Amino acid sequence: MTTDAQFIRGLPKAELHLHIEGSLEPELMFELARRNRITLPFASVEAVRAAYAFSNLQDFLDIYYQGAGVLMTEQDFHDLAVAYFRRVAADGCRHVELFFDPQTHTDRGLPFSVAIDGLLSGMAEAKDSLGVTSKLILCFLRHLDEDAAFATLKAADPYLSQLAAVGLDSSELGHPPSKFARVYQAARARGLKLVAHAGEEGPPEYVWEALDVLGVDRIDHGNRALEDPDLVTRLAGSAMTLTVCPLSNLKLCVVNDLKAHPLKRMLDLGLKATINSDDPAYFGGYLAENWIQTAAALNLGREDLVTLARNSFTGSFLTPAEIAPHLAAIDAYAVAN
Ligand code: HPA
Ligand code: ZN
């Protein structure tokens, strides 16, 4: 019998909640700063890592947007994506649905095309060289207004066929999903899937709004849904995928201890939960590390792990024909290990 950590690393899995800007390691941050002649407010890689102590989401976002300021060229975004895919391929990850925040870059004066062209070329390289497939999700920054989101959706029009979905991220409290009802309606009319961060710091009402006002296909995080039994019934009954991020929750003080993390409770309630890394360079672990630490803290059994792996594919935006071989690979792996 393999150890749980070995079993987890080899288990075929997908990542459905990953902000590519959140995979910027301090080493690459320094390299890009040098390449682009940008002065960082940190003396060393160690000083950057030491600054990664957060007491809430906003604390993190302030430093995360600052870090993204070193990304200037298509090549930078390409390199960022390829570095992430190399790490996650070693974690047994076969498919990724990654977020990017175009407004973080266009607000700094970069043309819309720079980030997306660089990311798409990194994604193509990952498929060719690592066999990891991926889909791209455009996120609107919820602290900005509806007009800015509409302008971003319009800028994305030439890229529609290369986008899977739109999402909603950044500061949750005070920025309910309903603020973006019309933008989501327009995204749906363009044939895009819809996801939104909800219930990370925000109340259960924000999860209801994501479901009923935005009509999302997936909820990102969703932790606080557990405070509302009717919402749990709704999510379980509709097999709504929740993209849960345990190490992120720990670092942003959404939970105080991984042992108190609600993931096992979610599974036991019949919720379709998945494990994801969110912003792995900032939160101390890529995909497999999230699985390994969560499995140890919550005593997850092999059955739970297989369920989580299956959920990561059935909750993806791959077609049923694309999902089927991944499910078969999970089942074959579970039998052999
Ligand atoms: N929540 C909201 N916005 C984000 C996050 C998150 O966890 N990560 C990157 N942007
Ligand atoms: Zn997130």
# chains A, B, ... in the order shown; residues from 1 in each chain; ligands from 1
$ residues_near_ligand --ligand "ligand 2" --cutoff "12 Å" --atoms "only C-alpha atoms and all ligand atoms" --output "MDAnalysis selection string"
chainID A and resid 15:23 57 60:61 64 97:101 137 139:141 167:172 195:201 219:222 242:249 252 275:280 282:283
$ residues_around --residues "Ala187 of chain A" --least-positions-apart "6" --cutoff "8 Å" --atoms "only C-alpha atoms" --output "PyMOL selection string"
chain A and resi 153+166+193-194
$ atom_distance --atom1 "atom CA of Thr274 of chain A" --atom2 "atom CA of Thr294 of chain A"
11.5 Å
$ atom_distance --atom1 "atom CA of Arg9 of chain A" --atom2 "atom CA of Ala296 of chain A"
13.8 Å
$ closest_residue --among "A:Asp331, A:Asp304, A:Asp212, A:Asp62" --to "Thr104 of chain A" --atoms "only C-alpha atoms"
A:Asp62
$ residues_around --residues "Gly202 of chain A" --least-positions-apart "5" --cutoff "9 Å" --atoms "only C-alpha atoms" --output "ChimeraX atom specification"
/A:172-176,207,224
$ residues_around --residues "Asp76 of chain A" --least-positions-apart "6" --cutoff "12 Å" --atoms "only C-alpha atoms" --output "number ranges by chain"
A: 20-21, 24, 28-36, 68-70, 82-83, 114-119, 121-122
$ write_last_selection --atoms "C-alpha atoms" --output "mmCIF file, in the first residue's frame"
data_model
loop_
_atom_site.group_PDB
_atom_site.id
_atom_site.type_symbol
_atom_site.label_atom_id
_atom_site.label_comp_id
_atom_site.auth_asym_id
_atom_site.auth_seq_id
_atom_site.Cartn_x
_atom_site.Cartn_y
_atom_site.Cartn_z
ATOM 1 C CA ILE A 20 -2.354 32.559 -12.475
ATOM 2 C CA GLU A 21 -1.076 35.851 -11.026
ATOM 3 C CA LEU A 24 4.134 34.231 -9.209
ATOM 4 C CA LEU A 28 10.374 34.889 -10.789
ATOM 5 C CA MET A 29 9.115 38.216 -9.400
ATOM 6 C CA PHE A 30 12.740 39.331 -8.971
ATOM 7 C CA GLU A 31 13.767 37.983 -12.370
ATOM 8 C CA LEU A 32 10.930 39.844 -14.112
ATOM 9 C CA ALA A 33 11.636 43.029 -12.117
ATOM 10 C CA ARG A 34 15.239 42.881 -13.344
ATOM 11 C CA ARG A 35 14.176 42.114 -16.920
ATOM 12 C CA ASN A 36 11.694 45.010 -16.930
ATOM 13 C CA ALA A 68 1.621 41.482 -10.445
ATOM 14 C CA GLY A 69 3.185 44.834 -11.378
ATOM 15 C CA VAL A 70 6.343 43.078 -12.633
ATOM 16 C CA VAL A 82 4.696 27.579 -17.963
ATOM 17 C CA ALA A 83 6.316 27.721 -14.502
ATOM 18 C CA VAL A 114 -0.577 41.221 -23.631
ATOM 19 C CA ALA A 115 -1.751 39.072 -20.710
ATOM 20 C CA ILE A 116 -4.146 36.898 -22.689
ATOM 21 C CA ASP A 117 -1.797 36.225 -25.630
ATOM 22 C CA GLY A 118 1.041 35.291 -23.250
ATOM 23 C CA LEU A 119 -1.184 33.020 -21.165
ATOM 24 C CA SER A 121 0.754 30.538 -25.590
ATOM 25 C CA GLY A 122 1.861 29.176 -22.181
#
$ select_by_dssp --residues "segment 42-150 of chain A" --states "alpha helix (DSSP H)" --output "ChimeraX atom specification"
/A:45-50,57-67,74-89,102-106,112-130,146-150
$ atom_distance --atom1 "atom CA of Cys93 of chain A" --atom2 "atom 1 (N, counted along the ligand's line) of ligand 1"
21.9 Å
$ select_by_dssp --residues "segment 115-235 of chain A" --states "strand (DSSP E)" --output "count of residues only"
24
$ closest_residue --among "A:Lys135, A:Arg86, A:Arg49, A:Arg94" --to "Pro12 of chain A" --atoms "only C-alpha atoms"
A:Arg94
$ residues_around --residues "Ser129 of chain A" --least-positions-apart "3" --cutoff "12 Å" --atoms "only C-alpha atoms" --output "VMD selection string"
chain A and resid 82 85 to 86 89 122 to 126 132 to 133
$ write_last_selection --atoms "C-alpha atoms" --output "compact mmCIF listing (two decimals), in the first residue's frame"
# COMPACT_ATOMS: atom_id res chain seq x y z
CA VAL A 82 4.70 27.58 -17.96
CA PHE A 85 2.11 24.13 -15.31
CA ARG A 86 5.50 22.47 -14.64
CA ALA A 89 2.08 18.52 -13.70
CA GLY A 122 1.86 29.18 -22.18
CA MET A 123 -1.25 27.00 -22.09
CA ALA A 124 -0.51 25.65 -25.58
CA GLU A 125 3.06 24.83 -24.55
CA ALA A 126 1.81 23.03 -21.42
CA VAL A 132 -1.77 19.13 -19.26
CA THR A 133 -4.91 20.62 -20.85
$ closest_residue --among "A:Val213, A:Ile8, A:Ala156, A:Ile63" --to "ligand 1" --atoms "only C-alpha atoms and all ligand atoms"
A:Ile63
$ residues_around --residues "Phe150 of chain A" --least-positions-apart "6" --cutoff "9 Å" --atoms "only C-alpha atoms" --output "NGL selection string"
:A and (182-183 or 186)
$ write_last_selection --atoms "C-alpha atoms" --output "PDB file, in the first residue's frame"
ATOM      1  CA  ARG A 182     -26.070  42.683 -16.231  1.00  0.00           C
ATOM      2  CA  VAL A 183     -22.448  41.899 -17.063  1.00  0.00           C
ATOM      3  CA  ALA A 186     -24.068  39.701 -21.357  1.00  0.00           C
TER       4      ALA A 186
END
$ decode --residues "segment 283-323 of chain A" --atoms "N, CA and C atoms" --output "short mmCIF file (atom, residue, chain, number, x, y, z; two decimals), in the first residue's frame"
data_model
loop_
_atom_site.label_atom_id
_atom_site.label_comp_id
_atom_site.auth_asym_id
_atom_site.auth_seq_id
_atom_site.Cartn_x
_atom_site.Cartn_y
_atom_site.Cartn_z
N PHE A 283 0.28 31.20 -0.70
CA PHE A 283 -0.40 30.48 0.38
C PHE A 283 0.33 29.22 0.83
N GLY A 284 1.53 29.00 0.27
CA GLY A 284 2.36 27.93 0.83
C GLY A 284 2.10 26.54 0.31
N GLY A 285 1.52 26.39 -0.88
CA GLY A 285 1.38 25.04 -1.39
C GLY A 285 0.64 24.97 -2.71
N TYR A 286 1.17 24.16 -3.60
CA TYR A 286 0.50 23.89 -4.88
C TYR A 286 -0.58 22.83 -4.66
N LEU A 287 -1.09 22.30 -5.75
CA LEU A 287 -2.30 21.46 -5.67
C LEU A 287 -2.12 20.25 -4.75
N ALA A 288 -1.06 19.46 -4.97
CA ALA A 288 -0.92 18.23 -4.18
C ALA A 288 -0.72 18.55 -2.70
N GLU A 289 0.00 19.63 -2.42
CA GLU A 289 0.22 20.02 -1.02
C GLU A 289 -1.12 20.35 -0.33
N ASN A 290 -2.02 21.00 -1.06
CA ASN A 290 -3.36 21.24 -0.51
C ASN A 290 -4.06 19.93 -0.18
N TRP A 291 -3.97 18.99 -1.11
CA TRP A 291 -4.61 17.68 -0.89
C TRP A 291 -3.97 16.96 0.31
N ILE A 292 -2.64 16.95 0.34
CA ILE A 292 -1.92 16.16 1.35
C ILE A 292 -2.19 16.72 2.75
N GLN A 293 -2.06 18.03 2.89
CA GLN A 293 -2.27 18.62 4.22
C GLN A 293 -3.72 18.50 4.67
N THR A 294 -4.65 18.65 3.73
CA THR A 294 -6.07 18.55 4.08
C THR A 294 -6.43 17.11 4.45
N ALA A 295 -5.92 16.18 3.67
CA ALA A 295 -6.22 14.76 3.95
C ALA A 295 -5.70 14.37 5.33
N ALA A 296 -4.51 14.86 5.69
CA ALA A 296 -3.94 14.53 7.00
C ALA A 296 -4.74 15.20 8.12
N ALA A 297 -5.09 16.47 7.94
CA ALA A 297 -5.79 17.21 9.00
C ALA A 297 -7.19 16.66 9.24
N LEU A 298 -7.86 16.21 8.18
CA LEU A 298 -9.27 15.80 8.29
C LEU A 298 -9.45 14.29 8.23
N ASN A 299 -8.33 13.56 8.23
CA ASN A 299 -8.40 12.10 8.12
C ASN A 299 -9.23 11.62 6.94
N LEU A 300 -9.00 12.19 5.79
CA LEU A 300 -9.76 11.77 4.61
C LEU A 300 -9.34 10.36 4.22
N GLY A 301 -10.31 9.53 3.90
CA GLY A 301 -10.02 8.17 3.46
C GLY A 301 -9.86 8.11 1.95
N ARG A 302 -9.44 6.92 1.48
CA ARG A 302 -9.25 6.76 0.02
C ARG A 302 -10.53 7.04 -0.76
N GLU A 303 -11.67 6.66 -0.15
CA GLU A 303 -12.95 6.88 -0.83
C GLU A 303 -13.20 8.38 -1.03
N ASP A 304 -12.90 9.17 0.03
CA ASP A 304 -13.04 10.63 -0.08
C ASP A 304 -12.11 11.17 -1.17
N LEU A 305 -10.88 10.67 -1.19
CA LEU A 305 -9.89 11.19 -2.16
C LEU A 305 -10.32 10.89 -3.59
N VAL A 306 -10.86 9.69 -3.80
CA VAL A 306 -11.33 9.34 -5.14
C VAL A 306 -12.55 10.20 -5.53
N THR A 307 -13.43 10.43 -4.55
CA THR A 307 -14.58 11.32 -4.82
C THR A 307 -14.10 12.71 -5.21
N LEU A 308 -13.12 13.24 -4.48
CA LEU A 308 -12.59 14.58 -4.78
C LEU A 308 -11.95 14.63 -6.17
N ALA A 309 -11.24 13.56 -6.52
CA ALA A 309 -10.61 13.52 -7.85
C ALA A 309 -11.69 13.47 -8.94
N ARG A 310 -12.70 12.64 -8.73
CA ARG A 310 -13.79 12.57 -9.72
C ARG A 310 -14.51 13.92 -9.84
N ASN A 311 -14.78 14.56 -8.67
CA ASN A 311 -15.46 15.87 -8.68
C ASN A 311 -14.67 16.90 -9.48
N SER A 312 -13.32 16.80 -9.41
CA SER A 312 -12.50 17.82 -10.09
C SER A 312 -12.68 17.74 -11.61
N PHE A 313 -12.98 16.56 -12.12
CA PHE A 313 -13.24 16.45 -13.56
C PHE A 313 -14.71 16.65 -13.91
N THR A 314 -15.61 16.05 -13.13
CA THR A 314 -17.04 16.21 -13.47
C THR A 314 -17.48 17.65 -13.23
N GLY A 315 -16.76 18.39 -12.37
CA GLY A 315 -17.07 19.80 -12.13
C GLY A 315 -16.39 20.73 -13.12
N SER A 316 -15.58 20.18 -14.02
CA SER A 316 -14.85 21.01 -14.99
C SER A 316 -15.75 21.36 -16.17
N PHE A 317 -15.24 22.20 -17.05
CA PHE A 317 -15.98 22.56 -18.27
C PHE A 317 -15.55 21.72 -19.47
N LEU A 318 -14.89 20.60 -19.20
CA LEU A 318 -14.62 19.63 -20.27
C LEU A 318 -15.94 18.98 -20.69
N THR A 319 -15.97 18.41 -21.90
CA THR A 319 -17.18 17.72 -22.36
C THR A 319 -17.24 16.34 -21.71
N PRO A 320 -18.43 15.72 -21.66
CA PRO A 320 -18.52 14.36 -21.10
C PRO A 320 -17.54 13.39 -21.78
N ALA A 321 -17.36 13.55 -23.09
CA ALA A 321 -16.43 12.65 -23.80
C ALA A 321 -14.98 12.88 -23.36
N GLU A 322 -14.67 14.12 -23.00
CA GLU A 322 -13.31 14.42 -22.53
C GLU A 322 -13.12 13.98 -21.07
N ILE A 323 -14.21 14.02 -20.30
CA ILE A 323 -14.13 13.66 -18.88
C ILE A 323 -13.99 12.15 -18.70
#
